[in-house]
Amino acid sequence: MNISEIINPANLVYEKPNVMNDTPMHYCPGCSHGVVHKLIGEIIGDMNMQDKTIAIAPVGCAVFAYQYLDIDWQQAAHGRAPALATAVKRLLPDRLVFTYQGDGDLAAIGTAETIHACNRGENIAIIFINNGIYGMTGGQMAPTTLLGMKSSTSPNGREVPTAGHPLNMTNLLAQLKGVCYVTRQAVHTVAAVKKTKKAIQKAFENSMQNKGTSIVEVVSTCSSGWKMTPADSNDWMVENMFPEFPMGDLKNE
């Protein structure tokens, strides 16, 4: 194979989206955040919306997302991203506005903001990274932590009498009339990555078409918090997280 064949676009296997900066990522090996960031960059580029996108950064592992995606960002207080996104979209309705949140941010301190923004049907997209644990602050139990799952604050595993059941946010949000699209995906395989990309693009398109709120949950791994290798984390996610948070669309209007 000569050099012209190698650089032929038809033979291209991987390319960094133009929307992504050259900043090396700080995420742990095997973390799902980097894959989702790349998908978001690709979609914004495909939609030609780089100059018209405003994203809301969370508090948590992805707090530095603004270092990796070359778009306009706003930083929200912990859990308040949907409230800030509401203001941005209402003031600038021609912009693509989305939040990027983990389960500790969205499903714990941000529960009220998330529910009420969705109930109002704000024309925003919510990207929800669910790894069942507080990854950034030491691996504490989160609302989404599975029963029996160990964490730094549940060393013997989560128990119903003291911690209740895992909170299934997307099932809850799918019941709200202001929500037009809810899906649950993952990025542990090539096929899963392709499905997640389609889901995020649909959520972004819904936002621009003023259809209401869209939520894309990405069931993810946290190798550091789970104390596993990246490969073992993927296997554990499939065997344990997927039964509690099954893949697929929950609502599509």
# chains A, B, ... in the order shown; residues from 1 in each chain; ligands from 1
>>> select_by_dssp(residues="region 174-210 of chain A", states="strand (DSSP E or B)", output="PyMOL selection string")
chain A and resi 179-186
>>> residues_around(residues="His37 (chain A)", least_positions_apart="4", cutoff="12 Å", atoms="only C-alpha atoms", output="mmCIF file with C-alpha atoms, in the first residue's frame")
data_model
loop_
_atom_site.group_PDB
_atom_site.id
_atom_site.type_symbol
_atom_site.label_atom_id
_atom_site.label_comp_id
_atom_site.auth_asym_id
_atom_site.auth_seq_id
_atom_site.Cartn_x
_atom_site.Cartn_y
_atom_site.Cartn_z
ATOM 1 C CA LYS A 16 -10.074 13.771 15.881
ATOM 2 C CA PRO A 17 -13.086 16.069 15.371
ATOM 3 C CA VAL A 19 -14.421 20.757 17.420
ATOM 4 C CA MET A 20 -12.065 19.074 19.905
ATOM 5 C CA ASN A 21 -9.001 20.864 21.250
ATOM 6 C CA MET A 25 -7.550 14.458 28.680
ATOM 7 C CA TYR A 27 -9.730 11.078 32.653
ATOM 8 C CA CYS A 31 -13.308 6.120 31.465
ATOM 9 C CA SER A 32 -16.335 6.646 29.225
ATOM 10 C CA HIS A 33 -16.176 10.456 29.299
ATOM 11 C CA GLY A 41 -17.539 16.944 18.958
ATOM 12 C CA GLU A 42 -18.316 14.907 15.854
ATOM 13 C CA ILE A 43 -22.037 15.668 16.021
ATOM 14 C CA ILE A 44 -21.606 19.406 16.518
ATOM 15 C CA ALA A 55 -22.936 23.790 26.725
ATOM 16 C CA ALA A 62 -16.378 16.219 33.637
ATOM 17 C CA PHE A 64 -13.204 20.398 32.784
ATOM 18 C CA ALA A 65 -15.163 19.459 29.664
ATOM 19 C CA TYR A 66 -14.682 23.016 28.422
ATOM 20 C CA GLN A 67 -10.976 22.283 27.987
ATOM 21 C CA TYR A 68 -11.658 19.618 25.384
ATOM 22 C CA LEU A 69 -14.525 20.914 23.218
ATOM 23 C CA ASP A 70 -14.031 24.214 21.403
ATOM 24 C CA ILE A 71 -17.516 25.628 21.903
ATOM 25 C CA TYR A 100 -23.378 17.388 30.451
ATOM 26 C CA ILE A 127 -26.379 14.199 28.457
ATOM 27 C CA ILE A 129 -23.369 9.960 32.430
ATOM 28 C CA VAL A 187 -20.081 3.223 24.731
ATOM 29 C CA VAL A 193 -20.827 3.880 20.321
ATOM 30 C CA THR A 196 -25.065 6.554 21.276
ATOM 31 C CA LYS A 197 -23.935 8.938 18.552
ATOM 32 C CA ILE A 200 -27.135 12.357 20.965
ATOM 33 C CA VAL A 218 -25.006 6.846 28.937
#
>>> closest_residue(among="A:Asn168, A:Asn123, A:Gln50, A:Asn130", to="Asp105 (chain A)", atoms="only C-alpha atoms")
A:Asn130
>>> atom_distance(atom1="CA of Tyr181 (chain A)", atom2="CA of Lys195 (chain A)")
14.6 Å
>>> select_by_dssp(residues="region 10-234 of chain A", states="helix (DSSP H, G or I)", output="number ranges by chain")
A: 10-11, 33-46, 50-52, 61-67, 81-91, 103-109, 111-120, 160-163, 169-174, 190-208, 223-226, 230-234
>>> residues_around(residues="Met241 (chain A)", least_positions_apart="2", cutoff="9 Å", atoms="only C-alpha atoms", output="ChimeraX atom specification")
/A:131-132,146,219-220,236-239,243-246
>>> residues_around(residues="Lys52 (chain A)", least_positions_apart="3", cutoff="12 Å", atoms="only C-alpha atoms", output="CSV table (one decimal) with C-alpha atoms, in the first residue's frame")
chain,number,residue,atom,x,y,z
A,44,ILE,CA,-21.6,19.4,16.5
A,45,GLY,CA,-19.2,19.4,13.6
A,47,MET,CA,-24.4,19.8,12.3
A,48,ASN,CA,-22.2,22.8,11.5
A,49,MET,CA,-23.2,24.2,14.9
A,55,ALA,CA,-22.9,23.8,26.7
A,70,ASP,CA,-14.0,24.2,21.4
A,71,ILE,CA,-17.5,25.6,21.9
A,72,ASP,CA,-19.0,28.2,24.2
A,73,TRP,CA,-19.4,27.0,27.8
A,88,VAL,CA,-29.5,30.4,28.1
A,89,LYS,CA,-32.0,28.7,25.7
A,92,LEU,CA,-30.8,32.7,22.8
A,93,PRO,CA,-33.4,30.3,21.3
A,94,ASP,CA,-31.4,29.9,18.1
A,95,ARG,CA,-28.5,28.2,20.0
A,96,LEU,CA,-27.9,24.5,20.5
A,97,VAL,CA,-28.0,24.2,24.3
A,98,PHE,CA,-27.1,21.1,26.3
A,204,PHE,CA,-29.6,17.9,19.6
A,208,MET,CA,-33.2,22.9,17.7
>>> atom_distance(atom1="CA of Gly178 (chain A)", atom2="CA of Lys251 (chain A)")
11.5 Å
>>> residues_around(residues="Ala81 (chain A)", least_positions_apart="6", cutoff="10 Å", atoms="only C-alpha atoms", output="CSV table (one decimal) with N, CA and C atoms, in the first residue's frame")
chain,number,residue,atom,x,y,z
A,55,ALA,N,-22.8,24.9,25.8
A,55,ALA,CA,-22.9,23.8,26.7
A,55,ALA,C,-22.8,24.2,28.2
A,56,ILE,N,-23.4,23.5,29.1
A,56,ILE,CA,-23.3,23.8,30.5
A,56,ILE,C,-22.4,22.7,31.2
A,57,ALA,N,-21.3,23.1,31.7
A,57,ALA,CA,-20.4,22.2,32.4
A,57,ALA,C,-20.9,21.9,33.8
A,58,PRO,N,-20.6,20.7,34.3
A,58,PRO,CA,-21.1,20.2,35.5
A,58,PRO,C,-20.1,20.4,36.7
A,59,VAL,N,-20.5,19.9,37.8
A,59,VAL,CA,-19.5,19.7,38.9
A,59,VAL,C,-19.3,18.2,39.0
A,74,GLN,N,-20.8,27.5,29.7
A,74,GLN,CA,-21.1,28.1,31.0
A,74,GLN,C,-20.9,27.1,32.1
A,75,GLN,N,-20.4,27.6,33.2
A,75,GLN,CA,-20.2,26.7,34.4
A,75,GLN,C,-21.3,26.9,35.4
A,98,PHE,N,-27.0,22.4,25.6
A,98,PHE,CA,-27.1,21.1,26.3
A,98,PHE,C,-26.3,21.1,27.6
A,99,THR,N,-26.7,20.2,28.5
A,99,THR,CA,-26.0,20.0,29.7
A,99,THR,C,-25.3,18.7,29.6
A,100,TYR,N,-24.2,18.6,30.4
A,100,TYR,CA,-23.4,17.4,30.5
A,100,TYR,C,-23.2,17.1,31.9
A,101,GLN,N,-23.8,16.0,32.4
A,101,GLN,CA,-23.9,15.8,33.9
A,101,GLN,C,-23.7,14.4,34.3
A,105,ASP,N,-24.3,14.6,40.1
A,105,ASP,CA,-24.7,16.0,39.8
A,105,ASP,C,-26.2,16.1,39.4
A,106,LEU,N,-26.6,15.2,38.5
A,106,LEU,CA,-28.0,15.2,38.0
A,106,LEU,C,-29.0,14.6,39.0
A,110,GLY,N,-28.9,17.8,42.1
A,110,GLY,CA,-29.6,18.4,41.0
A,110,GLY,C,-31.0,17.8,40.7
A,113,GLU,N,-33.8,20.5,40.0
A,113,GLU,CA,-33.6,21.3,38.8
A,113,GLU,C,-33.8,20.5,37.6
A,114,THR,N,-33.4,19.2,37.6
A,114,THR,CA,-33.6,18.3,36.5
A,114,THR,C,-35.1,18.1,36.2
A,117,ALA,N,-37.0,21.3,35.0
A,117,ALA,CA,-36.7,21.7,33.7
A,117,ALA,C,-37.4,20.8,32.7
A,126,ILE,N,-30.0,17.0,27.5
A,126,ILE,CA,-29.3,16.6,28.7
A,126,ILE,C,-28.5,15.3,28.5
>>> atom_distance(atom1="CA of Gly138 (chain A)", atom2="CA of Thr189 (chain A)")
27.1 Å
>>> closest_residue(among="A:Leu167, A:Leu173, A:Val35, A:Leu91", to="Ile115 (chain A)", atoms="only C-alpha atoms")
A:Leu173
